[in-house]
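Structure file model-v2.csv with CSV, C-alpha atoms and all ligand atoms:
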```csv
chain,number,residue,atom,x,y,z
A,1,MET,CA,82.9,146.2,82.0
A,2,ASP,CA,86.1,146.3,84.0
A,3,LYS,CA,87.1,142.8,85.4
A,4,ALA,CA,87.4,143.8,89.0
A,5,LEU,CA,84.0,145.6,88.9
A,6,ARG,CA,82.4,142.6,87.1
A,7,SER,CA,83.5,140.2,89.9
A,8,LEU,CA,82.3,142.6,92.6
A,9,VAL,CA,78.9,142.8,90.8
A,10,ASP,CA,78.8,139.0,90.6
A,11,TRP,CA,79.6,138.7,94.2
A,12,TYR,CA,76.8,141.1,95.1
A,13,GLU,CA,74.3,139.2,92.9
A,14,LYS,CA,75.3,135.9,94.5
A,15,ILE,CA,74.6,137.2,98.0
A,16,GLY,CA,71.4,138.8,96.9
A,17,VAL,CA,72.3,142.5,96.9
A,18,ASP,CA,70.3,144.5,94.5
A,19,VAL,CA,72.8,146.0,92.0
A,20,PRO,CA,71.8,149.1,90.0
A,21,ASP,CA,72.4,149.2,86.2
A,22,LEU,CA,75.9,150.2,85.7
A,23,VAL,CA,76.7,153.2,83.6
A,24,PRO,CA,80.2,154.2,82.5
A,25,SER,CA,81.3,156.8,85.1
A,26,ILE,CA,81.9,160.3,83.9
A,27,PRO,CA,84.4,162.4,85.8
A,28,PRO,CA,82.8,165.6,87.1
A,29,ARG,CA,83.6,168.8,85.2
A,30,LYS,CA,86.1,171.1,86.8
A,31,LYS,CA,84.4,174.1,88.4
A,32,ARG,CA,85.4,177.4,86.9
A,33,SER,CA,86.7,180.1,89.3
A,34,THR,CA,84.4,183.1,89.2
A,35,SER,CA,87.1,185.6,90.1
A,36,THR,CA,89.5,185.1,87.2
A,37,PRO,CA,88.5,185.0,83.5
A,38,PRO,CA,88.8,181.5,82.0
A,39,THR,CA,92.1,180.8,80.2
A,40,ALA,CA,92.3,179.2,76.8
A,41,GLU,CA,93.3,176.0,78.5
A,42,ALA,CA,90.2,176.1,80.8
A,43,THR,CA,87.8,176.7,77.9
A,44,THR,CA,88.9,173.6,75.9
A,45,THR,CA,86.5,170.7,76.5
A,46,PRO,CA,88.0,168.2,78.8
A,47,THR,CA,88.2,164.7,77.3
A,48,ARG,CA,86.0,162.2,79.1
A,49,PRO,CA,84.6,158.8,78.3
A,50,LYS,CA,81.5,159.2,76.1
A,51,ALA,CA,78.2,158.3,77.9
A,52,ARG,CA,76.4,155.6,76.0
A,53,SER,CA,73.7,158.1,75.0
A,54,GLU,CA,76.3,160.2,73.3
A,55,ARG,CA,78.1,157.4,71.4
A,56,PRO,CA,77.2,157.2,67.7
A,57,ARG,CA,74.8,154.2,67.2
A,58,PRO,CA,76.3,151.6,64.9
A,59,ASN,CA,74.0,150.6,62.1
A,60,ALA,CA,73.3,146.9,62.7
A,61,ASP,CA,71.6,146.5,59.4
A,62,ILE,CA,74.8,147.3,57.5
A,63,ILE,CA,77.0,145.2,59.8
A,64,VAL,CA,74.9,142.1,59.5
A,65,LYS,CA,74.6,142.3,55.7
A,66,ALA,CA,78.4,142.2,55.5
A,67,ALA,CA,78.4,138.9,57.4
A,68,LYS,CA,78.4,136.1,54.8
A,69,THR,CA,78.6,133.1,57.2
A,70,LEU,CA,77.4,132.3,60.7
A,71,GLU,CA,80.9,132.6,61.9
A,72,GLU,CA,81.2,136.1,60.5
A,73,LEU,CA,77.9,137.0,62.0
A,74,HIS,CA,79.1,135.8,65.4
A,75,ILE,CA,82.3,137.9,65.1
A,76,ALA,CA,80.2,141.0,64.0
A,77,MET,CA,78.0,140.5,67.1
A,78,GLN,CA,80.9,140.2,69.4
A,79,GLY,CA,82.2,143.6,68.2
A,80,PHE,CA,78.9,145.3,68.2
A,81,ASP,CA,78.3,148.2,70.6
A,82,ALA,CA,74.8,147.4,72.0
A,83,GLY,CA,75.0,150.3,74.4
A,84,ALA,CA,73.8,149.6,78.0
A,85,LEU,CA,73.2,146.0,77.1
A,86,SER,CA,76.7,145.1,76.0
A,87,ASP,CA,78.2,147.5,78.6
A,88,GLY,CA,76.6,145.4,81.4
A,89,ALA,CA,77.2,141.9,79.9
A,90,ARG,CA,80.3,139.8,79.7
A,91,GLN,CA,79.9,138.8,76.1
A,92,ALA,CA,77.4,138.4,73.3
A,93,VAL,CA,75.5,135.1,73.4
A,94,PHE,CA,75.2,133.7,69.9
A,95,ALA,CA,73.9,130.2,69.5
A,96,ARG,CA,74.4,126.5,70.2
A,97,GLY,CA,73.4,123.3,68.5
A,98,ASN,CA,73.4,122.3,64.9
A,99,PRO,CA,73.1,125.3,62.5
A,100,GLU,CA,71.9,122.8,59.8
A,101,ALA,CA,69.0,121.6,61.9
A,102,ASP,CA,65.4,122.0,60.5
A,103,LEU,CA,64.4,123.5,63.9
A,104,MET,CA,65.5,126.8,65.2
A,105,VAL,CA,64.6,127.6,68.8
A,106,ILE,CA,64.3,131.3,69.7
A,107,GLY,CA,64.4,132.1,73.4
A,108,GLU,CA,64.2,135.5,75.1
A,109,ALA,CA,67.6,136.7,76.3
A,110,PRO,CA,70.6,135.2,78.1
A,111,GLY,CA,70.7,134.9,81.9
A,112,ARG,CA,73.6,134.7,84.2
A,113,ASP,CA,74.8,131.2,83.2
A,114,GLU,CA,74.5,132.1,79.5
A,115,ASP,CA,76.4,135.3,80.0
A,116,ILE,CA,79.2,133.4,81.6
A,117,GLN,CA,79.4,130.6,79.1
A,118,GLY,CA,78.6,132.6,76.0
A,119,LYS,CA,75.9,130.1,74.9
A,120,PRO,CA,72.1,130.2,75.1
A,121,PHE,CA,70.1,128.0,77.4
A,122,VAL,CA,72.9,126.4,79.4
A,123,GLY,CA,71.4,127.1,82.9
A,124,GLN,CA,68.5,125.3,84.7
A,125,SER,CA,65.9,126.3,82.2
A,126,GLY,CA,68.2,125.2,79.4
A,127,GLN,CA,68.5,121.8,81.0
A,128,LEU,CA,64.7,121.5,81.1
A,129,LEU,CA,64.5,122.7,77.4
A,130,ASP,CA,66.9,120.0,76.4
A,131,HIS,CA,64.9,117.3,78.3
A,132,MET,CA,61.7,118.5,76.7
A,133,LEU,CA,63.2,118.4,73.2
A,134,ALA,CA,64.8,115.0,73.8
A,135,ALA,CA,61.4,113.6,74.9
A,136,ILE,CA,60.2,114.1,71.3
A,137,GLY,CA,63.4,112.6,69.9
A,138,LEU,CA,65.2,115.9,69.3
A,139,GLY,CA,68.8,115.6,70.5
A,140,LYS,CA,71.4,118.3,70.3
A,141,GLU,CA,72.1,117.5,66.7
A,142,SER,CA,68.5,118.2,65.7
A,143,VAL,CA,68.1,121.7,67.1
A,144,TYR,CA,69.8,125.1,66.7
A,145,ILE,CA,69.2,127.4,69.6
A,146,THR,CA,69.5,131.2,69.8
A,147,ASN,CA,67.7,134.2,71.5
A,148,LEU,CA,65.8,137.3,70.6
A,149,VAL,CA,68.3,139.4,72.4
A,150,ASN,CA,72.0,138.6,72.5
A,151,TRP,CA,73.3,140.3,75.7
A,152,ARG,CA,72.1,139.6,79.2
A,153,PRO,CA,69.7,142.3,80.4
A,154,PRO,CA,70.8,143.7,83.8
A,155,LYS,CA,69.4,141.7,86.7
A,156,ASN,CA,67.8,139.2,84.3
A,157,ARG,CA,64.9,141.5,83.6
A,158,ASN,CA,62.9,141.0,80.4
A,159,PRO,CA,64.4,142.6,77.3
A,160,LYS,CA,62.9,146.0,76.5
A,161,PRO,CA,61.1,146.6,73.1
A,162,GLU,CA,64.0,148.9,72.0
A,163,GLU,CA,66.6,146.2,72.9
A,164,ILE,CA,64.6,143.6,70.9
A,165,GLU,CA,64.5,146.0,68.0
A,166,MET,CA,68.2,146.7,68.2
A,167,CYS,CA,69.0,143.0,68.1
A,168,ARG,CA,66.5,142.2,65.4
A,169,PRO,CA,68.9,142.6,62.4
A,170,PHE,CA,71.1,139.9,64.0
A,171,LEU,CA,68.2,137.6,64.4
A,172,ASP,CA,67.0,138.1,60.8
A,173,ARG,CA,70.5,137.5,59.4
A,174,HIS,CA,70.9,134.5,61.7
A,175,VAL,CA,67.8,132.9,60.2
A,176,GLU,CA,68.8,133.9,56.7
A,177,LEU,CA,72.1,132.1,57.0
A,178,ALA,CA,71.0,129.1,59.0
A,179,LYS,CA,67.8,128.5,56.9
A,180,PRO,CA,65.7,126.6,59.4
A,181,LYS,CA,62.3,125.2,58.3
A,182,VAL,CA,60.5,125.5,61.6
A,183,ILE,CA,60.8,128.0,64.5
A,184,LEU,CA,60.0,127.3,68.1
A,185,LEU,CA,59.2,130.5,70.0
A,186,VAL,CA,60.2,129.9,73.6
A,187,GLY,CA,58.3,132.2,76.0
A,188,GLY,CA,55.8,135.0,75.8
A,189,VAL,CA,58.4,137.7,75.0
A,190,SER,CA,59.7,135.9,71.9
A,191,MET,CA,56.1,135.1,70.9
A,192,THR,CA,55.0,138.7,71.2
A,193,ALA,CA,58.1,140.1,69.4
A,194,LEU,CA,57.8,137.8,66.4
A,195,THR,CA,54.0,137.3,66.1
A,196,GLY,CA,52.6,140.5,67.6
A,197,MET,CA,50.3,138.3,69.7
A,198,THR,CA,50.1,138.8,73.5
A,199,GLY,CA,49.3,136.1,76.1
A,200,ILE,CA,51.3,132.9,76.0
A,201,MET,CA,48.7,131.2,78.2
A,202,LYS,CA,46.1,131.4,75.4
A,203,ASN,CA,48.4,131.2,72.4
A,204,HIS,CA,50.9,128.5,73.2
A,205,GLY,CA,50.6,125.5,70.9
A,206,GLN,CA,49.0,127.6,68.1
A,207,TRP,CA,51.0,127.5,64.9
A,208,GLN,CA,51.7,130.9,63.3
A,209,ASP,CA,53.3,132.0,60.1
A,210,ILE,CA,56.0,134.6,60.9
A,211,GLN,CA,58.1,136.8,58.7
A,212,ILE,CA,61.7,136.3,59.6
A,213,GLY,CA,65.0,136.5,57.8
A,214,GLY,CA,63.2,137.3,54.5
A,215,GLU,CA,61.0,134.2,54.7
A,216,THR,CA,57.6,133.2,56.0
A,217,LEU,CA,58.2,130.3,58.4
A,218,PRO,CA,55.8,128.2,60.6
A,219,ALA,CA,56.4,129.1,64.3
A,220,LEU,CA,55.1,127.4,67.4
A,221,PRO,CA,54.9,129.4,70.7
A,222,LEU,CA,55.8,127.2,73.7
A,223,TYR,CA,55.8,128.0,77.5
A,224,HIS,CA,59.2,129.1,78.6
A,225,PRO,CA,61.0,126.3,80.6
A,226,ALA,CA,61.7,128.8,83.4
A,227,PHE,CA,57.9,129.3,83.7
A,228,LEU,CA,57.3,125.6,83.7
A,229,LEU,CA,59.8,125.2,86.5
A,230,ARG,CA,57.6,127.5,88.5
A,231,GLN,CA,54.3,126.1,87.2
A,232,PRO,CA,55.0,122.3,86.8
A,233,ALA,CA,51.2,121.6,86.3
A,234,LEU,CA,51.5,123.3,82.9
A,235,LYS,CA,54.0,120.6,81.7
A,236,LYS,CA,51.0,118.6,80.4
A,237,GLU,CA,50.0,121.4,78.0
A,238,ALA,CA,53.6,121.8,77.0
A,239,TRP,CA,53.8,118.1,76.2
A,240,ARG,CA,50.9,118.5,73.8
A,241,ASP,CA,52.6,121.4,72.1
A,242,LEU,CA,55.8,119.3,71.8
A,243,LEU,CA,53.9,116.5,70.1
A,244,SER,CA,52.5,119.1,67.7
A,245,LEU,CA,56.1,120.2,67.0
A,246,ARG,CA,57.2,116.6,66.3
A,247,ALA,CA,54.3,116.1,64.0
A,248,LYS,CA,55.2,119.2,62.0
A,249,LEU,CA,58.8,118.1,61.7
A,250,GLU,CA,57.7,114.7,60.5
A,251,THR,CA,55.9,116.4,57.5
A,252,LEU,CA,59.1,118.0,56.2
A,301,LIG,N1,66.2,132.0,78.9
A,301,LIG,C1,66.2,132.4,77.6
A,301,LIG,O1,65.1,132.8,77.1
A,301,LIG,N2,67.3,132.2,77.0
A,301,LIG,C2,68.4,131.8,77.5
A,301,LIG,O2,69.4,131.6,76.8
A,301,LIG,C3,68.4,131.4,78.9
A,301,LIG,C4,67.3,131.6,79.6
```

Just give me the structure of the file as structure tokens.
Ligand code: URA
Amino acid sequence: MDKALRSLVDWYEKIGVDVPDLVPSIPPRKKRSTSTPPTAEATTTPTRPKARSERPRPNADIIVKAAKTLEELHIAMQGFDAGALSDGARQAVFARGNPEADLMVIGEAPGRDEDIQGKPFVGQSGQLLDHMLAAIGLGKESVYITNLVNWRPPKNRNPKPEEIEMCRPFLDRHVELAKPKVILLVGGVSMTALTGMTGIMKNHGQWQDIQIGGETLPALPLYHPAFLLRQPALKKEAWRDLLSLRAKLETL
């Protein structure tokens, strides 16, 4: 997105103005005169920026397979045309933490702070997530954090199923290269996308085997910290889930 437009959108968001999803603008076609027959010049198609629906879809499966390291995967992601998602975001949000950690945390999608900093979970909910993990002895060196979707959805809405599907090859390759032993699914959207189950209220804290990155890995659904910030009474349940996570990591 153009820089001046980006700062205008930021300003609108800051002051609470509802900003519509931005689509690349397409100049209107010239109207043909009805009196004179069209000249050869008038009949040639005018060049205009391609609307995102017209752009050829890059094949993420092929792109990710070519990435042999996490760094290459990050570069591939930065250059990927994710259509409306990457059009509306500042940058791709890849990961933070220790890629060699046993635990990989998979959140939902970047928000505003993550879009600005290019790292997942760096805003208010990220701070709570860090505190929660630190409470069971997992500092920044013991976790590797990423998201289901790598570009900030407009207006922080939940990612759509087709956006999750588009980003899935990146997630699978990410797991394949980082080789975590345990997955923490943060939030209902991540849980549903990776387990098929719905309802975080009834399924949080229940270990599941999930297929990811060509492996079957144990995964624990956890309440999203943004949800816990709104529902602090649920922190007690989240604490029990965190203890279960610690116990699992101790068995490795
Ligand atoms: N919420 C998420 O799920 N992921 C982030 O990176 C930030 C907020």

Practice task
Give me the residues within 9 Å of stretch 61-67 of chain A as a list in words, counting all atoms listed in the file and dropping any in the same chain fewer than 3 places off.
Solution key: Pro58, Leu70, Glu71, Glu72, Leu73, His74, Ile75, Ala76, Met77, Phe80, Arg168, Pro169, Phe170, Asp172, Arg173 and His174 of chain A

For chain A against ligand LIG 301 (chain A), with a cut-off of 10 Å and counting all atoms listed in the file, what is the closest atom pair and its distance in Å to one decimal for every residue that makes the cut, ordered by chain and number, as JSON lines?
```
{"residue": "A:Val93", "atom": "CA", "partner": "A:LIG301", "partner_atom": "O2", "distance": 7.8}
{"residue": "A:Phe94", "atom": "CA", "partner": "A:LIG301", "partner_atom": "O2", "distance": 9.3}
{"residue": "A:Ala95", "atom": "CA", "partner": "A:LIG301", "partner_atom": "O2", "distance": 8.7}
{"residue": "A:Arg96", "atom": "CA", "partner": "A:LIG301", "partner_atom": "O2", "distance": 9.7}
{"residue": "A:Val105", "atom": "CA", "partner": "A:LIG301", "partner_atom": "N2", "distance": 9.8}
{"residue": "A:Ile106", "atom": "CA", "partner": "A:LIG301", "partner_atom": "O1", "distance": 7.6}
{"residue": "A:Gly107", "atom": "CA", "partner": "A:LIG301", "partner_atom": "O1", "distance": 3.8}
{"residue": "A:Glu108", "atom": "CA", "partner": "A:LIG301", "partner_atom": "O1", "distance": 3.5}
{"residue": "A:Ala109", "atom": "CA", "partner": "A:LIG301", "partner_atom": "N2", "distance": 4.6}
{"residue": "A:Pro110", "atom": "CA", "partner": "A:LIG301", "partner_atom": "O2", "distance": 4.0}
{"residue": "A:Gly111", "atom": "CA", "partner": "A:LIG301", "partner_atom": "C3", "distance": 5.2}
{"residue": "A:Arg112", "atom": "CA", "partner": "A:LIG301", "partner_atom": "C3", "distance": 8.1}
{"residue": "A:Asp113", "atom": "CA", "partner": "A:LIG301", "partner_atom": "C3", "distance": 7.7}
{"residue": "A:Glu114", "atom": "CA", "partner": "A:LIG301", "partner_atom": "O2", "distance": 5.8}
{"residue": "A:Asp115", "atom": "CA", "partner": "A:LIG301", "partner_atom": "O2", "distance": 8.5}
{"residue": "A:Gly118", "atom": "CA", "partner": "A:LIG301", "partner_atom": "O2", "distance": 9.3}
{"residue": "A:Lys119", "atom": "CA", "partner": "A:LIG301", "partner_atom": "O2", "distance": 6.9}
{"residue": "A:Pro120", "atom": "CA", "partner": "A:LIG301", "partner_atom": "O2", "distance": 3.5}
{"residue": "A:Phe121", "atom": "CA", "partner": "A:LIG301", "partner_atom": "O2", "distance": 3.7}
{"residue": "A:Val122", "atom": "CA", "partner": "A:LIG301", "partner_atom": "C3", "distance": 6.7}
{"residue": "A:Gly123", "atom": "CA", "partner": "A:LIG301", "partner_atom": "C3", "distance": 6.6}
{"residue": "A:Gln124", "atom": "CA", "partner": "A:LIG301", "partner_atom": "C4", "distance": 8.2}
{"residue": "A:Ser125", "atom": "CA", "partner": "A:LIG301", "partner_atom": "C4", "distance": 6.1}
{"residue": "A:Gly126", "atom": "CA", "partner": "A:LIG301", "partner_atom": "C3", "distance": 6.2}
{"residue": "A:Gln127", "atom": "CA", "partner": "A:LIG301", "partner_atom": "C3", "distance": 9.8}
{"residue": "A:Leu129", "atom": "CA", "partner": "A:LIG301", "partner_atom": "N1", "distance": 9.6}
{"residue": "A:Ile145", "atom": "CA", "partner": "A:LIG301", "partner_atom": "O2", "distance": 8.3}
{"residue": "A:Thr146", "atom": "CA", "partner": "A:LIG301", "partner_atom": "O2", "distance": 7.0}
{"residue": "A:Asn147", "atom": "CA", "partner": "A:LIG301", "partner_atom": "N2", "distance": 5.9}
{"residue": "A:Leu148", "atom": "CA", "partner": "A:LIG301", "partner_atom": "O1", "distance": 7.9}
{"residue": "A:Val149", "atom": "CA", "partner": "A:LIG301", "partner_atom": "N2", "distance": 8.6}
{"residue": "A:Asn150", "atom": "CA", "partner": "A:LIG301", "partner_atom": "O2", "distance": 8.6}
{"residue": "A:Trp151", "atom": "CA", "partner": "A:LIG301", "partner_atom": "O2", "distance": 9.6}
{"residue": "A:Arg152", "atom": "CA", "partner": "A:LIG301", "partner_atom": "O2", "distance": 8.8}
{"residue": "A:Asn156", "atom": "CA", "partner": "A:LIG301", "partner_atom": "C4", "distance": 8.9}
{"residue": "A:Asn158", "atom": "CA", "partner": "A:LIG301", "partner_atom": "O1", "distance": 9.1}
{"residue": "A:Pro159", "atom": "CA", "partner": "A:LIG301", "partner_atom": "O1", "distance": 9.8}
{"residue": "A:Leu185", "atom": "CA", "partner": "A:LIG301", "partner_atom": "O1", "distance": 9.5}
{"residue": "A:Val186", "atom": "CA", "partner": "A:LIG301", "partner_atom": "O1", "distance": 6.7}
{"residue": "A:Gly187", "atom": "CA", "partner": "A:LIG301", "partner_atom": "O1", "distance": 6.9}
{"residue": "A:Gly188", "atom": "CA", "partner": "A:LIG301", "partner_atom": "O1", "distance": 9.6}
{"residue": "A:Val189", "atom": "CA", "partner": "A:LIG301", "partner_atom": "O1", "distance": 8.6}
{"residue": "A:Ser190", "atom": "CA", "partner": "A:LIG301", "partner_atom": "O1", "distance": 8.1}
{"residue": "A:His224", "atom": "CA", "partner": "A:LIG301", "partner_atom": "O1", "distance": 7.1}
{"residue": "A:Pro225", "atom": "CA", "partner": "A:LIG301", "partner_atom": "N1", "distance": 7.9}
{"residue": "A:Ala226", "atom": "CA", "partner": "A:LIG301", "partner_atom": "N1", "distance": 7.1}
{"residue": "A:Phe227", "atom": "CA", "partner": "A:LIG301", "partner_atom": "N1", "distance": 10.0}
```

Practice task
Measure the distance from atom CA of A:Ala135 to atom CA of A:Lys179 in Å and round it to one decimal.
Solution key: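 Computed distance, atom CA of A:Ala135 to atom CA of A:Lys179, equals 24.2 Å.
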
Exercise for the section: Check the smallest atom-to-atom distance from each of A:Met201, A:Leu249, A:Ala233, A:Val175 to A:Glu100 using only C-alpha atoms, then report the winner. Expected result: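 Using only C-alpha atoms, A:Glu100 sits closest to A:Val175.
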
Practice task
One decimal, Å: what's the distance from atom CA of A:His204 over to atom CA of A:Leu222, could you say?
Solution key: 5.1 Å

Completion exercise
re atom CA of A:Leu133 and atom CA of A:Pro99: distance 16.1 Å

Handout entry: Selected residue of minimal separation from A:Glu176 among A:Glu163, A:Glu141, A:Glu215, A:Asp87, counting only C-alpha atoms
Key =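 Checking each candidate against A:Glu176, we get A:Glu215 as the closest.
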
Practice task
Kindly indicate which residue among A:Arg55, A:Pro221, A:Asp130, A:Ile136 lies nearest to A:Leu184, using only C-alpha atoms for the distances.
Solution key: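 That would be A:Pro221, the residue with the smallest distance to A:Leu184.
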
Exercise for the section: Find the residue from A:Gln206, A:Gln78, A:Gln211, A:Thr192 that sits nearest to A:Leu245; use all atoms listed in the file when measuring. Expected result: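 Among the listed residues, the smallest separation from A:Leu245 belongs to A:Gln206.
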
Practice task
With a distance cut-off of 9 Å and only C-alpha atoms, select the neighbouring residues of A:Asp102, excluding the residue or stretch itself and same-chain residues fewer than 3 positions from it, and output the selection as a ChimeraX atom specification.
Solution key: /A:99,142-144,179-183,249,252

Export of the given selection (C-alpha atoms) as an mmCIF file, keeping the file's coordinate frame:
```
data_model
loop_
_atom_site.group_PDB
_atom_site.id
_atom_site.type_symbol
_atom_site.label_atom_id
_atom_site.label_comp_id
_atom_site.auth_asym_id
_atom_site.auth_seq_id
_atom_site.Cartn_x
_atom_site.Cartn_y
_atom_site.Cartn_z
ATOM 1 C CA PRO A 99 73.100 125.300 62.500
ATOM 2 C CA SER A 142 68.500 118.200 65.700
ATOM 3 C CA VAL A 143 68.100 121.700 67.100
ATOM 4 C CA TYR A 144 69.800 125.100 66.700
ATOM 5 C CA LYS A 179 67.800 128.500 56.900
ATOM 6 C CA PRO A 180 65.700 126.600 59.400
ATOM 7 C CA LYS A 181 62.300 125.200 58.300
ATOM 8 C CA VAL A 182 60.500 125.500 61.600
ATOM 9 C CA ILE A 183 60.800 128.000 64.500
ATOM 10 C CA LEU A 249 58.800 118.100 61.700
ATOM 11 C CA LEU A 252 59.100 118.000 56.200
#
```

Exercise for the section: Measuring atom to atom with all atoms listed in the file, identify which of A:Leu171, A:Ala178, A:Met132, A:Ala101 is nearest to A:Leu228. Expected result: A:Met132

Exercise for the section: Identify which of the residues A:Ala92, A:Leu177, A:Gln117, A:Gln208 lies closest to A:Met191, counting all atoms listed in the file when measuring atom-to-atom distances. Expected result: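 Nearest candidate to A:Met191 out of A:Ala92, A:Leu177, A:Gln117, A:Gln208: A:Gln208.
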